[in-house]
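Here is the file query_22.cif (mmCIF, C-alpha atoms and all ligand atoms).
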```
data_final
loop_
_atom_site.label_atom_id
_atom_site.label_comp_id
_atom_site.auth_asym_id
_atom_site.auth_seq_id
_atom_site.Cartn_x
_atom_site.Cartn_y
_atom_site.Cartn_z
CA MET A 9 38.00 -21.99 -85.41
CA GLN A 10 35.87 -22.64 -88.52
CA ASP A 11 34.35 -19.18 -88.06
CA ALA A 12 37.82 -17.70 -88.05
CA ALA A 13 38.79 -19.56 -91.20
CA ARG A 14 35.63 -18.42 -92.89
CA ALA A 15 36.24 -14.85 -91.82
CA PHE A 16 39.77 -15.00 -93.17
CA GLN A 17 38.55 -16.50 -96.46
CA GLN A 18 36.06 -13.64 -96.77
CA TYR A 19 38.79 -11.14 -96.00
CA LEU A 20 40.98 -12.54 -98.77
CA GLU A 21 38.06 -12.52 -101.22
CA SER A 22 37.34 -8.90 -100.36
CA LEU A 23 40.96 -8.04 -101.07
CA GLN A 24 40.73 -9.86 -104.42
CA LEU A 25 37.57 -7.95 -105.29
CA ALA A 26 39.37 -4.75 -104.41
CA GLY A 27 42.06 -5.71 -106.98
CA VAL A 28 44.73 -6.94 -104.58
CA SER A 29 46.40 -9.92 -106.28
CA HIS A 30 49.21 -10.55 -103.79
CA ILE A 31 50.56 -9.33 -100.50
CA PRO A 32 54.30 -8.56 -100.67
CA SER A 33 56.04 -10.82 -98.22
CA SER A 34 58.44 -8.04 -97.01
CA GLU A 35 55.46 -6.26 -95.50
CA VAL A 36 54.41 -9.31 -93.56
CA VAL A 37 56.99 -8.92 -90.91
CA ALA A 38 54.95 -9.63 -87.87
CA VAL A 39 51.92 -11.79 -87.43
CA ALA A 40 49.66 -11.64 -84.46
CA GLU A 41 46.34 -13.04 -83.39
CA VAL A 42 44.05 -10.08 -82.85
CA PRO A 43 40.51 -10.40 -81.59
CA VAL A 44 37.91 -9.47 -84.19
CA ALA A 45 34.28 -8.94 -83.29
CA ALA A 46 32.76 -11.25 -85.98
CA GLU A 47 29.44 -11.45 -84.20
CA PRO A 48 28.27 -9.27 -81.35
CA THR A 49 28.26 -12.16 -78.90
CA SER A 50 31.33 -14.19 -79.72
CA ALA A 51 34.88 -13.15 -80.25
CA ALA A 52 36.65 -14.63 -83.25
CA THR A 53 40.29 -14.28 -84.09
CA MET A 54 41.81 -13.47 -87.43
CA THR A 55 45.41 -13.58 -88.54
CA VAL A 56 46.46 -10.31 -90.10
CA ALA A 57 49.69 -8.68 -91.10
CA LEU A 58 50.88 -6.06 -88.64
CA PRO A 59 53.34 -3.24 -89.27
CA PRO A 60 56.84 -3.96 -88.04
CA THR A 61 57.09 -3.65 -84.28
CA PRO A 62 60.17 -1.74 -83.17
CA ALA A 63 62.44 -3.93 -81.06
CA PRO A 64 61.98 -3.12 -77.37
CA LYS A 65 64.62 -0.67 -76.23
CA GLU A 66 67.04 -2.37 -73.87
CA LYS A 67 67.25 -0.70 -70.48
CA PRO A 68 70.84 0.46 -70.00
CA ALA A 69 72.65 -1.69 -67.44
CA GLU A 70 72.98 -0.12 -64.01
CA GLN A 71 76.34 1.62 -63.73
CA THR A 72 78.12 -0.02 -60.82
CA PRO A 73 81.40 1.60 -59.85
CA VAL A 74 84.22 -0.74 -60.77
CA ALA A 75 87.83 -0.51 -59.76
CA ASN A 76 90.04 0.84 -62.51
CA THR A 77 91.69 -2.51 -63.16
CA SER A 78 94.45 -0.95 -65.25
CA LEU A 79 95.79 0.49 -62.00
CA PHE A 80 96.50 -3.04 -60.84
CA ALA A 81 97.61 -4.38 -64.20
CA ALA A 82 101.29 -5.20 -63.90
CA PRO A 83 104.45 -4.55 -61.92
CA PRO A 84 106.14 -1.21 -62.59
CA SER A 85 107.88 -1.15 -65.94
CA SER A 86 111.51 -0.32 -66.52
CA GLY A 87 110.64 1.97 -69.43
CA GLU A 88 110.59 5.72 -69.72
CA PRO A 89 109.76 7.93 -66.69
CA SER A 90 106.06 8.58 -66.25
CA ASP A 91 104.71 11.89 -67.57
CA LEU A 92 101.41 11.53 -65.70
CA PRO A 93 100.28 14.97 -64.47
CA LEU A 94 100.00 15.57 -60.73
CA ASP A 95 96.20 15.67 -60.65
CA GLN A 96 95.97 12.29 -62.38
CA ARG A 97 98.49 10.76 -60.01
CA GLN A 98 96.44 12.06 -57.08
CA GLU A 99 93.26 10.71 -58.63
CA GLN A 100 94.75 7.29 -59.32
CA LEU A 101 96.29 7.02 -55.85
CA ALA A 102 92.90 7.92 -54.39
CA GLN A 103 91.27 5.14 -56.42
CA VAL A 104 93.79 2.58 -55.20
CA ALA A 105 93.42 3.85 -51.62
CA GLN A 106 89.67 3.38 -51.90
CA ALA A 107 90.12 -0.21 -53.08
CA VAL A 108 92.55 -0.79 -50.20
CA SER A 109 90.12 0.61 -47.63
CA ALA A 110 87.59 -2.10 -48.57
CA CYS A 111 90.14 -4.90 -48.90
CA THR A 112 89.47 -8.17 -47.06
CA ARG A 113 92.07 -10.37 -48.75
CA CYS A 114 93.78 -11.05 -45.40
CA GLN A 115 90.87 -12.11 -43.22
CA GLN A 116 92.70 -11.74 -39.93
CA LEU A 117 94.13 -8.30 -40.71
CA ALA A 118 90.84 -7.04 -42.10
CA SER A 119 89.08 -8.08 -38.90
CA THR A 120 91.65 -6.68 -36.48
CA ARG A 121 92.65 -3.39 -38.15
CA ARG A 122 91.09 -0.09 -37.15
CA GLN A 123 91.71 1.23 -40.61
CA THR A 124 93.97 0.68 -43.58
CA VAL A 125 97.17 2.69 -43.84
CA PHE A 126 97.76 3.47 -47.48
CA GLY A 127 100.63 5.89 -47.98
CA VAL A 128 101.47 9.59 -47.76
CA GLY A 129 103.59 12.16 -49.45
CA ASN A 130 104.39 13.62 -52.79
CA PRO A 131 102.76 11.75 -55.71
CA GLU A 132 105.65 13.02 -57.86
CA ALA A 133 108.38 12.14 -55.35
CA LYS A 134 111.78 11.17 -56.69
CA ILE A 135 112.31 9.01 -53.59
CA MET A 136 109.92 6.44 -52.14
CA PHE A 137 110.40 4.99 -48.67
CA ILE A 138 109.01 1.51 -48.02
CA GLY A 139 108.65 0.18 -44.49
CA GLU A 140 107.24 -3.04 -43.12
CA ALA A 141 103.67 -2.60 -41.90
CA PRO A 142 101.63 -0.19 -39.79
CA GLY A 143 102.03 -0.41 -36.03
CA ALA A 144 99.55 0.61 -33.34
CA ASP A 145 100.05 4.37 -33.87
CA GLU A 146 99.71 4.09 -37.63
CA ASP A 147 96.63 1.89 -37.28
CA ARG A 148 95.09 4.58 -35.07
CA GLN A 149 96.04 7.55 -37.26
CA GLY A 150 95.81 5.98 -40.72
CA GLU A 151 99.24 7.24 -41.77
CA PRO A 152 102.55 5.36 -42.09
CA PHE A 153 105.47 6.09 -39.79
CA VAL A 154 103.82 8.37 -37.25
CA GLY A 155 104.94 6.58 -34.06
CA ARG A 156 108.39 6.60 -32.45
CA ALA A 157 110.03 4.98 -35.47
CA GLY A 158 108.31 7.55 -37.65
CA GLN A 159 109.67 10.42 -35.58
CA LEU A 160 113.17 9.06 -36.01
CA LEU A 161 112.51 8.67 -39.73
CA ASN A 162 111.45 12.34 -39.84
CA ARG A 163 114.78 13.32 -38.25
CA ILE A 164 116.64 11.27 -40.85
CA ILE A 165 114.65 12.99 -43.62
CA GLY A 166 115.49 16.39 -42.09
CA ALA A 167 119.19 15.49 -41.92
CA CYS A 168 118.95 14.78 -45.65
CA LYS A 169 117.70 18.36 -46.07
CA LEU A 170 114.27 17.22 -47.14
CA ALA A 171 110.79 17.41 -45.65
CA ARG A 172 108.48 14.44 -45.17
CA ASP A 173 106.25 15.87 -47.92
CA ASP A 174 109.09 15.62 -50.45
CA ILE A 175 109.02 11.83 -50.21
CA TYR A 176 106.34 9.21 -50.77
CA ILE A 177 106.08 6.84 -47.80
CA CYS A 178 104.30 3.48 -47.65
CA ASN A 179 104.73 -0.07 -46.40
CA ILE A 180 104.78 -3.66 -47.62
CA LEU A 181 101.41 -4.12 -45.80
CA ARG A 182 98.51 -1.69 -45.53
CA CYS A 183 97.03 -3.27 -42.39
CA ARG A 184 98.53 -3.71 -38.95
CA PRO A 185 99.48 -7.29 -38.11
CA PRO A 186 98.19 -8.03 -34.59
CA GLY A 187 100.87 -7.63 -31.95
CA ASN A 188 103.16 -6.14 -34.62
CA ARG A 189 104.19 -9.59 -35.78
CA ASN A 190 106.01 -9.85 -39.10
CA PRO A 191 103.83 -9.99 -42.22
CA THR A 192 103.30 -13.51 -43.52
CA PRO A 193 104.37 -14.21 -47.13
CA GLU A 194 100.70 -14.62 -48.03
CA GLU A 195 99.83 -11.20 -46.59
CA ALA A 196 102.71 -9.60 -48.47
CA THR A 197 101.53 -11.24 -51.69
CA ASN A 198 97.95 -10.09 -51.09
CA CYS A 199 99.11 -6.51 -50.65
CA ARG A 200 101.64 -6.50 -53.48
CA GLU A 201 99.23 -5.31 -56.14
CA TYR A 202 98.60 -2.16 -54.12
CA LEU A 203 102.28 -1.52 -53.52
CA ASP A 204 103.04 -2.03 -57.20
CA ALA A 205 100.24 0.36 -58.13
CA GLN A 206 101.70 3.01 -55.80
CA ILE A 207 105.18 2.51 -57.27
CA ARG A 208 103.81 2.65 -60.82
CA ILE A 209 101.83 5.85 -60.17
CA VAL A 210 104.50 7.73 -58.19
CA ASP A 211 107.26 6.30 -60.41
CA PRO A 212 110.18 7.26 -58.15
CA ASP A 213 113.80 7.29 -59.32
CA TYR A 214 114.89 5.80 -56.00
CA ILE A 215 113.31 3.44 -53.46
CA VAL A 216 114.67 2.98 -49.94
CA CYS A 217 113.68 -0.26 -48.22
CA TRP A 218 113.73 0.28 -44.47
CA GLY A 219 114.56 -3.06 -42.84
CA SER A 220 114.78 -6.64 -44.00
CA VAL A 221 111.02 -7.20 -44.31
CA ALA A 222 110.75 -4.39 -46.87
CA ALA A 223 113.93 -5.35 -48.72
CA GLN A 224 113.29 -9.09 -48.85
CA ASN A 225 109.68 -8.73 -49.89
CA LEU A 226 110.18 -6.06 -52.53
CA LEU A 227 113.19 -7.74 -54.11
CA ASP A 228 112.20 -11.35 -53.43
CA VAL A 229 115.52 -12.17 -51.80
CA THR A 230 116.53 -13.67 -48.46
CA ASP A 231 119.72 -11.70 -47.77
CA SER A 232 120.11 -9.68 -44.58
CA VAL A 233 120.13 -5.88 -44.67
CA GLY A 234 123.80 -6.04 -43.68
CA ARG A 235 124.57 -7.84 -46.93
CA MET A 236 122.33 -5.64 -49.08
CA ARG A 237 123.49 -2.21 -47.89
CA GLY A 238 125.66 -0.18 -50.22
CA LYS A 239 124.37 -1.78 -53.43
CA PHE A 240 121.72 -0.67 -55.85
CA PHE A 241 119.07 -3.17 -56.92
CA LYS A 242 116.53 -2.48 -59.61
CA TYR A 243 112.76 -2.57 -59.30
CA GLY A 244 111.03 -1.44 -62.47
CA ARG A 245 112.76 1.83 -63.28
CA ALA A 246 113.78 2.62 -59.71
CA LYS A 247 117.18 2.17 -58.11
CA VAL A 248 116.56 0.37 -54.82
CA SER A 249 118.73 0.65 -51.72
CA CYS A 250 118.30 -1.09 -48.37
CA THR A 251 119.13 0.07 -44.89
CA TYR A 252 118.24 -0.59 -41.26
CA HIS A 253 114.70 0.02 -40.03
CA PRO A 254 114.22 3.02 -37.71
CA SER A 255 112.74 0.67 -35.07
CA TYR A 256 116.01 -1.26 -35.15
CA LEU A 257 117.89 2.02 -34.69
CA LEU A 258 115.78 2.80 -31.61
CA ARG A 259 117.09 -0.44 -30.08
CA ASN A 260 120.61 -0.21 -31.56
CA GLU A 261 121.95 3.34 -31.38
CA SER A 262 125.25 2.23 -32.84
CA ALA A 263 123.63 1.33 -36.17
CA LYS A 264 122.64 4.95 -36.77
CA LYS A 265 126.00 5.74 -38.30
CA TYR A 266 125.46 3.01 -40.94
CA VAL A 267 122.14 4.51 -41.89
CA TRP A 268 123.73 7.94 -42.17
CA ASP A 269 126.45 6.44 -44.40
CA ASP A 270 123.72 4.85 -46.53
CA MET A 271 121.94 8.20 -46.88
CA LYS A 272 125.11 10.03 -47.89
CA TRP A 273 125.90 7.32 -50.44
CA LEU A 274 122.34 7.38 -51.84
CA PHE A 275 122.18 11.16 -52.10
CA ALA A 276 125.62 11.28 -53.71
CA ASP A 277 124.20 9.11 -56.47
CA MET A 278 121.50 11.75 -56.92
CA GLY A 279 124.18 14.41 -57.12
CA VAL A 280 123.48 15.77 -53.62
CA ASP A 281 126.35 16.14 -51.18
CA LEU A 282 125.22 15.56 -47.59
CA THR A 283 128.68 15.70 -46.08
CA GLY A 284 128.89 19.48 -45.77
N1 LIG A 301 107.08 0.66 -39.03
C1 LIG A 301 106.88 0.47 -40.35
O1 LIG A 301 107.56 -0.32 -40.98
N2 LIG A 301 105.96 1.16 -40.93
C2 LIG A 301 105.20 2.04 -40.32
O2 LIG A 301 104.35 2.64 -40.95
C3 LIG A 301 105.43 2.24 -38.95
C4 LIG A 301 106.37 1.53 -38.32
#
```

Once you've parsed the file, please lay out its structure as structure tokens.
Ligand code: URA
Amino acid sequence: MQDAARAFQQYLESLQLAGVSHIPSSEVVAVAEVPVAAEPTSAATMTVALPPTPAPKEKPAEQTPVANTSLFAAPPSSGEPSDLPLDQRQEQLAQVAQAVSACTRCQQLASTRRQTVFGVGNPEAKIMFIGEAPGADEDRQGEPFVGRAGQLLNRIIGACKLARDDIYICNILRCRPPGNRNPTPEEATNCREYLDAQIRIVDPDYIVCWGSVAAQNLLDVTDSVGRMRGKFFKYGRAKVSCTYHPSYLLRNESAKKYVWDDMKWLFADMGVDLTG
């Protein structure tokens, strides 16, 4: 250590002899111990001023795909109609569908489903149909309303002079409850963000709730379909109507006429006469 001090003293003296009276402090920005070969056999160290060392460049963080959280931000608003172009609606629905396909919020449903059943149809539809939950056929095919109830729904759509592709169709739940039991309130809550995202993206003028599970969950009411038919409710910007579920119609033929009345009434509100 004494050798180092002596070496440093000599270094300063040599600077003085060379006319250096002071070392500007701004240049002494980094100090390091560097080995100096004072004698051939022993290594001494000397403290010297080093030029500024550039700060190490930070490695950019790995880009991990994150869900577009704005898609799940809030319930649909009651403001102006959406002017989102078709391609962006498709893109956003695809992002939500991808999040849904990996969803494990409902442990039982996630472990018993074959696949999630997101929704189908026109991303710019004026009418959205909401059912209860996928059944066995939907769980197998990954599309809502493809079983017997779905075939009846298709006939109802045809009677309304529309095609299935004109409408957007989804459910309160995106996974099949085992044995087709009713969704639990917790399951409906878990899935609500996805439903709200679909409603916000498609932004329909009208929503039809098929059956009491859809109506009660969407509107947070306990009334029966019988009491809710023939009235418009509001969800965000959409006018919501409620009618009997196609599965109920398969068991109760006589209720078909009520559903047809509900369709005529709904379409009349849209300015479409279905009576002719
Ligand atoms: N019933 C529903 O409520 N939804 C479907 O997708 C199928 C049957």

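Closest approach to ligand LIG 301 (chain A) from the set A:Glu151, A:Asp269, A:Glu140, A:Asp213 is made by A:Glu140, with distances taken over all atoms listed in the file.
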
Within-10 Å residues of ligand LIG 301 (chain A), basis all atoms listed in the file, as a VMD selection string: chain A and resid 125 to 127 137 to 147 150 to 159 161 177 to 184 188 190 217 to 219 221 to 222 253 to 256

Could the residues in this selection be saved with C-alpha atoms as a tab-separated table (two decimals), in the coordinates of the input?
```
chain	number	residue	atom	x	y	z
A	125	VAL	CA	97.17	2.69	-43.84
A	126	PHE	CA	97.76	3.47	-47.48
A	127	GLY	CA	100.63	5.89	-47.98
A	137	PHE	CA	110.40	4.99	-48.67
A	138	ILE	CA	109.01	1.51	-48.02
A	139	GLY	CA	108.65	0.18	-44.49
A	140	GLU	CA	107.24	-3.04	-43.12
A	141	ALA	CA	103.67	-2.60	-41.90
A	142	PRO	CA	101.63	-0.19	-39.79
A	143	GLY	CA	102.03	-0.41	-36.03
A	144	ALA	CA	99.55	0.61	-33.34
A	145	ASP	CA	100.05	4.37	-33.87
A	146	GLU	CA	99.71	4.09	-37.63
A	147	ASP	CA	96.63	1.89	-37.28
A	150	GLY	CA	95.81	5.98	-40.72
A	151	GLU	CA	99.24	7.24	-41.77
A	152	PRO	CA	102.55	5.36	-42.09
A	153	PHE	CA	105.47	6.09	-39.79
A	154	VAL	CA	103.82	8.37	-37.25
A	155	GLY	CA	104.94	6.58	-34.06
A	156	ARG	CA	108.39	6.60	-32.45
A	157	ALA	CA	110.03	4.98	-35.47
A	158	GLY	CA	108.31	7.55	-37.65
A	159	GLN	CA	109.67	10.42	-35.58
A	161	LEU	CA	112.51	8.67	-39.73
A	177	ILE	CA	106.08	6.84	-47.80
A	178	CYS	CA	104.30	3.48	-47.65
A	179	ASN	CA	104.73	-0.07	-46.40
A	180	ILE	CA	104.78	-3.66	-47.62
A	181	LEU	CA	101.41	-4.12	-45.80
A	182	ARG	CA	98.51	-1.69	-45.53
A	183	CYS	CA	97.03	-3.27	-42.39
A	184	ARG	CA	98.53	-3.71	-38.95
A	188	ASN	CA	103.16	-6.14	-34.62
A	190	ASN	CA	106.01	-9.85	-39.10
A	217	CYS	CA	113.68	-0.26	-48.22
A	218	TRP	CA	113.73	0.28	-44.47
A	219	GLY	CA	114.56	-3.06	-42.84
A	221	VAL	CA	111.02	-7.20	-44.31
A	222	ALA	CA	110.75	-4.39	-46.87
A	253	HIS	CA	114.70	0.02	-40.03
A	254	PRO	CA	114.22	3.02	-37.71
A	255	SER	CA	112.74	0.67	-35.07
A	256	TYR	CA	116.01	-1.26	-35.15
```

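Put simply, atom CA of Ser220 of chain A is 7.9 Å away from atom CA of Cys250 of chain A.
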
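The shortest atom-to-atom distance to Arg97 of chain A, with all atoms listed in the file taken into account, belongs to A:Ile209 out of A:Ile165, A:Ile209, A:Trp273, A:Leu160.
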
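Atom pair atom CA of Lys247 of chain A / atom CA of Ala205 of chain A: separated by 17.0 Å.
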